[in-house]
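Asks: Here it is: the structure, laid out below.
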Amino acid sequence: MPRPALHLAVEIDGDGAHPAAWRRAAHSPGELLTPRRLARVAAVAENAGFTLVTLEDSILPPASGIDAGNGSGPVGRIGAVERAAFVAASTSVLGVAPVLATTYAEPFHVSSQLASLDHVSAGRAGWVVGVEEDPAAARAWGRPVVEGADARAREARDGLRVVRDLWDSWEDDAVIRSVATSRYLDRSRLHAIDFSGETYSVKGPSIVPRPPQGRPVVLARAGLVPAGLTDVALVGGATPAGAGTAAAAAGAPLAFAEVEVALDTPVASARERIADLERYAPWEGGPDRLRYSGSAAGLVDLLTELGGHVDGVRLHPLVLDEDLAVLSRLVLPELFVRRIAARPLPGTTLRTSLGLPRPLSRFTTDGAAAPVREETR
């Protein structure tokens with residue numbers, strides 16, 4: 001049986017995956033944090049046919065800034081959730097998934113932020129589960145350092161469980177809004193989650209009604225949290241077959257391969273563009289990610305091959321202003337023609353676009369979640 005169409009995601013934080021990408025950006029450095037630029041990038045991604053954009057985040061400055069040692073790169077960013085809400089308001093079919101770290105953050109606040117994002121986006125929200133590894137993050141939060149991979153994984157696991165339970169703590173029909181009976185809520189359908197873990201305890205319920213998707217789509221690096229808690233595992237692999245092996249081991253409903261891309265443009269080859277940026281900083285990239293540099297046709301072939309091993313890809317372009325244009329003109333159209341990938345449909349939630357079912361609330365009192373009708377916006 002043929003696999004379903006490949007789902008396409010792209011990371012749009014900053015100016016690109018290379019720490020010196022800002023040096024080749026099509027805009028002035030002062031425009032990086034402006035809403036106009038963010039809206040322009042999101043519009044290109046949506047019009048190109050991407051299903052989903054992700055937005056990196058941290059309480060610390062970007063690595064291209066003061067942590068790079070020369071102080072010459074961007075040293076600030078706008079919060080990912082705030083940017084995601086702006087992207088949601090300026091697009092109509094594009095899924096939006098900010099990175100939110102569970103390390104040091106209060107899961108009650110994370111749950112409320114993401115549930116609110118799902119409401120304002122009419123069901124197009126996702127969440128990339130992040131971790132803070134740098135001890136400087138603990139100092140910024142004013143918290144004790146969470147030391148070691150195991151401790152950070154425990155924080156991610158417990159935080160994700162709390163967030164999911166808080167999303168479920170309002171049943172789908174808890175909100176009545178009846179003027180005739182003067183009742184807004186059926187309080188019997190709001191539930192305390194009564195979570196107690198090694199780091200914190202949370203009573204609940206949430207202060208935000210259940211999200212339109214039931215639960216926003218959860219993406220996490222493979223192995224960070226138990227597979228049963230995530231919808232999409234982000235997997236590495238130096239080859240398509242390696243990514244497929246990692247996807248099978250991840251055990252999540254869907255697996256997206258992480259792919260860094262540098263493409264030939266009309267004015268410079270991928271090799272020339274990388275060499276230009278390497279004068280300022282190395283492109284270290286993510287661990288165990290597949291990296292491609294070369295022609296658009298070569299990337300189409302690679303993604304076609306990946307489609308036989310994984311359910312989707314998350315692309316990390318070298319320089320957004322240069323590579324996103326090539327992806328939009330030459331790569332995605334060919335994938336659609338070959339039916340390797342499919343565009344998201346208007347009026348659908350991100351879960352529907354990804355072929356994921358809407359989950360039942362684990363607190364549902366009548367044994368089945370109330371049906372939720374998706375309306376074309």
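Residue numbers start at 1 in each chain; chains themselves are named A, B, ... in the order of the structure tokens; ligands are numbered from 1 in the order shown.
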Could you go through range 56-232 of chain A and tell me which residues DSSP, when run on the backbone, assigns to helix (DSSP H, G or I), listing them as JSON, numbers by chain?
Replies: {"A": [66, 67, 68, 80, 81, 82, 83, 84, 85, 86, 87, 88, 89, 90, 107, 108, 109, 110, 111, 112, 113, 114, 115, 116, 117, 118, 119, 120, 135, 136, 137, 138, 139, 140, 141, 149, 150, 151, 152, 153, 154, 155, 156, 157, 158, 159, 160, 161, 162, 163, 164, 165, 166, 167, 168, 187, 188, 189, 227, 228, 229]}
Asks: Quick one: write out the picked residues with C-alpha atoms as a PDB file, in the first residue's frame?
Replies:
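again23.pdb, freshly written:
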ATOM      1  CA  ILE A  66      26.131  37.273  22.289  1.00  0.00           C
ATOM      2  CA  ASP A  67      26.658  33.556  22.924  1.00  0.00           C
ATOM      3  CA  ALA A  68      28.497  33.276  19.608  1.00  0.00           C
ATOM      4  CA  ALA A  80       7.251  32.146  20.139  1.00  0.00           C
ATOM      5  CA  VAL A  81       3.671  31.958  21.431  1.00  0.00           C
ATOM      6  CA  GLU A  82       3.131  35.652  20.759  1.00  0.00           C
ATOM      7  CA  ARG A  83       4.567  35.286  17.260  1.00  0.00           C
ATOM      8  CA  ALA A  84       2.446  32.183  16.677  1.00  0.00           C
ATOM      9  CA  ALA A  85      -0.718  34.069  17.616  1.00  0.00           C
ATOM     10  CA  PHE A  86       0.195  36.814  15.152  1.00  0.00           C
ATOM     11  CA  VAL A  87       0.884  34.253  12.411  1.00  0.00           C
ATOM     12  CA  ALA A  88      -2.443  32.547  13.136  1.00  0.00           C
ATOM     13  CA  ALA A  89      -4.290  35.843  12.751  1.00  0.00           C
ATOM     14  CA  SER A  90      -2.554  36.660   9.461  1.00  0.00           C
ATOM     15  CA  PRO A 107       2.866  23.617  32.945  1.00  0.00           C
ATOM     16  CA  PHE A 108      -0.357  25.399  33.943  1.00  0.00           C
ATOM     17  CA  HIS A 109       0.831  28.483  32.082  1.00  0.00           C
ATOM     18  CA  VAL A 110       2.046  26.421  29.108  1.00  0.00           C
ATOM     19  CA  SER A 111      -1.343  24.714  28.891  1.00  0.00           C
ATOM     20  CA  SER A 112      -3.231  28.013  28.992  1.00  0.00           C
ATOM     21  CA  GLN A 113      -1.023  29.618  26.360  1.00  0.00           C
ATOM     22  CA  LEU A 114      -1.389  26.755  23.902  1.00  0.00           C
ATOM     23  CA  ALA A 115      -5.116  26.276  24.497  1.00  0.00           C
ATOM     24  CA  SER A 116      -5.591  29.997  23.848  1.00  0.00           C
ATOM     25  CA  LEU A 117      -3.527  29.723  20.661  1.00  0.00           C
ATOM     26  CA  ASP A 118      -5.720  26.868  19.473  1.00  0.00           C
ATOM     27  CA  HIS A 119      -8.833  28.974  20.066  1.00  0.00           C
ATOM     28  CA  VAL A 120      -7.529  32.077  18.270  1.00  0.00           C
ATOM     29  CA  PRO A 135      22.333  26.409  33.190  1.00  0.00           C
ATOM     30  CA  ALA A 136      21.981  30.103  32.319  1.00  0.00           C
ATOM     31  CA  ALA A 137      18.286  29.424  31.705  1.00  0.00           C
ATOM     32  CA  ALA A 138      17.873  28.427  35.341  1.00  0.00           C
ATOM     33  CA  ARG A 139      19.467  31.700  36.440  1.00  0.00           C
ATOM     34  CA  ALA A 140      17.169  33.632  34.114  1.00  0.00           C
ATOM     35  CA  TRP A 141      14.137  31.888  35.637  1.00  0.00           C
ATOM     36  CA  ALA A 149      19.377  14.528  30.500  1.00  0.00           C
ATOM     37  CA  ASP A 150      17.314  12.221  32.700  1.00  0.00           C
ATOM     38  CA  ALA A 151      16.105  15.076  34.899  1.00  0.00           C
ATOM     39  CA  ARG A 152      15.217  17.215  31.894  1.00  0.00           C
ATOM     40  CA  ALA A 153      13.351  14.287  30.330  1.00  0.00           C
ATOM     41  CA  ARG A 154      11.424  13.827  33.594  1.00  0.00           C
ATOM     42  CA  GLU A 155      10.459  17.514  33.553  1.00  0.00           C
ATOM     43  CA  ALA A 156       9.336  17.191  29.922  1.00  0.00           C
ATOM     44  CA  ARG A 157       7.333  14.033  30.648  1.00  0.00           C
ATOM     45  CA  ASP A 158       5.608  15.395  33.747  1.00  0.00           C
ATOM     46  CA  GLY A 159       5.000  18.778  32.151  1.00  0.00           C
ATOM     47  CA  LEU A 160       3.451  17.222  29.061  1.00  0.00           C
ATOM     48  CA  ARG A 161       1.166  14.998  31.142  1.00  0.00           C
ATOM     49  CA  VAL A 162      -0.049  17.990  33.131  1.00  0.00           C
ATOM     50  CA  VAL A 163      -0.634  20.065  29.997  1.00  0.00           C
ATOM     51  CA  ARG A 164      -2.638  17.273  28.331  1.00  0.00           C
ATOM     52  CA  ASP A 165      -4.728  16.700  31.450  1.00  0.00           C
ATOM     53  CA  LEU A 166      -5.457  20.413  31.752  1.00  0.00           C
ATOM     54  CA  TRP A 167      -6.624  20.474  28.124  1.00  0.00           C
ATOM     55  CA  ASP A 168      -8.945  17.600  29.032  1.00  0.00           C
ATOM     56  CA  ARG A 187     -19.505  22.812  36.557  1.00  0.00           C
ATOM     57  CA  SER A 188     -19.942  19.051  36.802  1.00  0.00           C
ATOM     58  CA  ARG A 189     -18.018  18.846  33.524  1.00  0.00           C
ATOM     59  CA  ALA A 227       5.638   7.918  22.534  1.00  0.00           C
ATOM     60  CA  GLY A 228       2.072   7.694  23.830  1.00  0.00           C
ATOM     61  CA  LEU A 229       2.160  11.341  24.863  1.00  0.00           C
TER      62      LEU A 229
END
Asks: Report as a PyMOL selection string all protein, DNA and RNA residues lying within 9 Å of range 35-43 of chain A, evaluated on only C-alpha atoms, omitting residues in the same chain fewer than 4 positions from it.
Replies: chain A and resi 12+27+31+47-48+53+83+86-87+90-91+94+320-321+324
Asks: As an MDAnalysis selection string, please: every residue in range 62-194 of chain A that a backbone DSSP assignment puts in strand (DSSP E or B).
Replies: chainID A and resid 95:101 125:130 170 175:178 183:185 190
Asks: Do you have the CA of Pro74 in chain A-CA of Val313 in chain A distance handy?
Replies: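 Distance reported for this atom pair: 27.0 Å.
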Asks: Using only C-alpha atoms for the distances, tell me which of A:Leu318, A:Val217, A:Ile274, A:Val208 is nearest to Leu354 in chain A.
Replies: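 With only C-alpha atoms as the atom set, the closest residue is A:Val217.
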Asks: Might you pull out every residue within 12 Å of Ser269 in chain A, with only C-alpha atoms counted and same-chain residues fewer than 6 positions away left off, and present them as an mmCIF file with C-alpha atoms, in the first residue's frame?
Replies:
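What follows is the written file around_20.cif:
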data_model
loop_
_atom_site.group_PDB
_atom_site.id
_atom_site.type_symbol
_atom_site.label_atom_id
_atom_site.label_comp_id
_atom_site.auth_asym_id
_atom_site.auth_seq_id
_atom_site.Cartn_x
_atom_site.Cartn_y
_atom_site.Cartn_z
ATOM 1 C CA ALA A 262 20.797 24.934 1.475
ATOM 2 C CA LEU A 263 19.674 25.366 -2.117
ATOM 3 C CA ALA A 275 31.143 29.186 2.313
ATOM 4 C CA ASP A 276 30.186 32.851 2.543
ATOM 5 C CA SER A 293 22.818 21.183 -0.202
ATOM 6 C CA GLY A 294 22.428 21.533 -3.933
ATOM 7 C CA SER A 295 19.745 21.935 -6.576
ATOM 8 C CA ALA A 296 15.999 22.116 -6.079
ATOM 9 C CA GLU A 322 16.844 32.854 -0.063
ATOM 10 C CA ASP A 323 15.874 29.219 0.451
ATOM 11 C CA VAL A 326 13.363 28.403 -4.006
#
Asks: Fewer than 3 positions away in the same chain doesn't count, so skip those; otherwise give me all residues within 9 Å of Thr54 in chain A, counting only C-alpha atoms, as a list in words.
Replies: Ala9, Val10, Glu11, Ile12, Asp13, Ala80, Ala84, Gly95, Val96, Ala97, Pro98, Val99, Gly126, Trp127, Val128 and Arg314 of chain A
